[in-house]
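A.B. asks: There's a structure below that I have some questions on.
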Amino acid sequence: MFVMKSFCGPAALQPRLFSTKTLPTLTLFTKDPCPLCNEAKEQLQPFRHRLVLQQVDISLPENRLWWDRYRWDIPVFHLNGQFVMKHRVDTALLDKLLQDAEGQ
């Protein structure tokens, strides 16, 4: 984190904090329909400000590799490209992984 000072008007005396870190990316491997995936997305709502949610529809032809790997296991989650969980959201695990990522 670094401090940037503004030099305009009365706010010029107030330092502003900006983060140079990017949010972790949580990839959700899904397809339509997927009731468990919809449930998982609801469970992820409290984390929406701490991560970027990327969805991959494994039923699309360009995602054949993911279809072959995960068709019986969705929803499946990767955090920054690494497998972390499947079938259900483990909120305690996700919170710990995000804390670890935020501490880096």
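Chain labels run A, B, ... following the order of the structure tokens; each chain numbers its residues from 1, and ligands are numbered from 1 in the order shown.
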May I have all residues of range 6-85 of chain A that DSSP, computed from the backbone, assigns to strand (DSSP E or B), given as a PyMOL selection string?

C.D. replies: chain A and resi 15-18+25-30+52-57+76-79+82-85

A.B. asks: Go ahead and save the residues from that selection, with C-alpha atoms, as a short mmCIF file (atom, residue, chain, number, x, y, z; two decimals), in the first residue's frame.

C.D. replies:
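This is the output file selection10.cif:
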```cif
data_model
loop_
_atom_site.label_atom_id
_atom_site.label_comp_id
_atom_site.auth_asym_id
_atom_site.auth_seq_id
_atom_site.Cartn_x
_atom_site.Cartn_y
_atom_site.Cartn_z
CA PRO A 15 -3.45 11.63 2.55
CA ARG A 16 -5.31 9.07 0.43
CA LEU A 17 -4.55 5.38 0.60
CA PHE A 18 -4.55 3.24 -2.52
CA THR A 25 -9.71 -14.72 -8.65
CA LEU A 26 -12.12 -17.48 -7.68
CA THR A 27 -13.04 -19.54 -10.72
CA LEU A 28 -16.36 -21.37 -10.59
CA PHE A 29 -16.65 -24.27 -13.02
CA THR A 30 -20.35 -24.61 -13.76
CA VAL A 52 -13.21 -11.63 -8.42
CA LEU A 53 -15.65 -14.38 -9.40
CA GLN A 54 -14.96 -15.87 -12.82
CA GLN A 55 -17.41 -18.45 -14.17
CA VAL A 56 -16.46 -21.13 -16.69
CA ASP A 57 -19.31 -22.94 -18.42
CA VAL A 76 -15.70 -26.84 -8.64
CA PHE A 77 -13.64 -23.89 -7.42
CA HIS A 78 -10.08 -22.77 -8.19
CA LEU A 79 -8.48 -19.84 -6.36
CA GLN A 82 -5.34 -23.75 -7.92
CA PHE A 83 -8.06 -26.26 -7.02
CA VAL A 84 -9.58 -25.47 -3.60
CA MET A 85 -12.97 -27.23 -3.29
#
```

A.B. asks: Can you pull out every residue within 8 Å of Gln43 in chain A, counting only C-alpha atoms, but drop anything in the same chain fewer than 4 positions away, and send it as JSON, numbers by chain?

C.D. replies: {"A": [39, 89, 91]}

A.B. asks: Please, could you write that set of residues out with all heavy atoms as an mmCIF file, in the first residue's frame?

C.D. replies:
```cif
data_model
loop_
_atom_site.group_PDB
_atom_site.id
_atom_site.type_symbol
_atom_site.label_atom_id
_atom_site.label_comp_id
_atom_site.auth_asym_id
_atom_site.auth_seq_id
_atom_site.Cartn_x
_atom_site.Cartn_y
_atom_site.Cartn_z
ATOM 1 N N GLU A 39 -26.693 -22.228 -5.637
ATOM 2 C CA GLU A 39 -26.581 -22.168 -4.176
ATOM 3 C C GLU A 39 -25.197 -21.667 -3.770
ATOM 4 O O GLU A 39 -25.054 -20.840 -2.870
ATOM 5 C CB GLU A 39 -26.837 -23.559 -3.596
ATOM 6 C CG GLU A 39 -26.775 -23.649 -2.101
ATOM 7 C CD GLU A 39 -26.989 -25.086 -1.620
ATOM 8 O OE1 GLU A 39 -27.915 -25.753 -2.112
ATOM 9 O OE2 GLU A 39 -26.208 -25.522 -0.748
ATOM 10 N N VAL A 89 -19.550 -24.872 -1.115
ATOM 11 C CA VAL A 89 -18.624 -23.825 -0.676
ATOM 12 C C VAL A 89 -18.269 -24.084 0.789
ATOM 13 O O VAL A 89 -19.150 -24.189 1.635
ATOM 14 C CB VAL A 89 -19.255 -22.425 -0.814
ATOM 15 C CG1 VAL A 89 -18.342 -21.361 -0.215
ATOM 16 C CG2 VAL A 89 -19.561 -22.121 -2.267
ATOM 17 N N THR A 91 -16.990 -22.148 3.476
ATOM 18 C CA THR A 91 -16.748 -20.726 3.770
ATOM 19 C C THR A 91 -15.559 -20.520 4.700
ATOM 20 O O THR A 91 -14.832 -19.543 4.559
ATOM 21 C CB THR A 91 -18.003 -20.051 4.341
ATOM 22 O OG1 THR A 91 -18.440 -20.763 5.488
ATOM 23 C CG2 THR A 91 -19.113 -19.995 3.296
#
```

A.B. asks: What's the separation between CA of Asp95 in chain A and CA of Pro35 in chain A, in Å to one decimal place?

C.D. replies: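 Rounded to one decimal, the two atoms are 23.0 Å apart.
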
A.B. asks: Near Arg71 in chain A, within 9 Å and counting only C-alpha atoms, which residues show up once chain neighbours fewer than 2 positions away are dropped, as a list in words?

C.D. replies: Thr30, Lys31, Ile58, Ser59, Trp66, Trp67, Asp68, Arg69, Asp73 and Ile74 of chain A

A.B. asks: Please report, as a PyMOL selection string, each residue of range 6-87 of chain A to which DSSP assigns helix (DSSP H, G or I) when run on this structure's backbone.

C.D. replies: chain A and resi 10-13+35-43+45-47+61-70

A.B. asks: When you count only C-alpha atoms, which of these residues is closest to Glu102 in chain A: A:Pro46, A:Pro75, A:Pro61, A:Pro24?

C.D. replies: A:Pro24

A.B. asks: Please indicate the distance in Å from CA of Arg50 in chain A to CA of Lys96 in chain A, rounded to one decimal place.

C.D. replies: 11.9 Å

A.B. asks: Closest to Lys41 in chain A among A:Tyr70, A:His87, A:Leu60, A:Ala92, using only C-alpha atoms?

C.D. replies: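 Residue with the minimum atom-to-atom distance to Lys41 in chain A: A:His87.
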
A.B. asks: For Asn38 in chain A, which of A:Leu94, A:Ala101, A:Lys21, A:Arg88 is the closest residue, counting only C-alpha atoms?

C.D. replies: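 Selected residue with least distance to Asn38 in chain A: A:Arg88.
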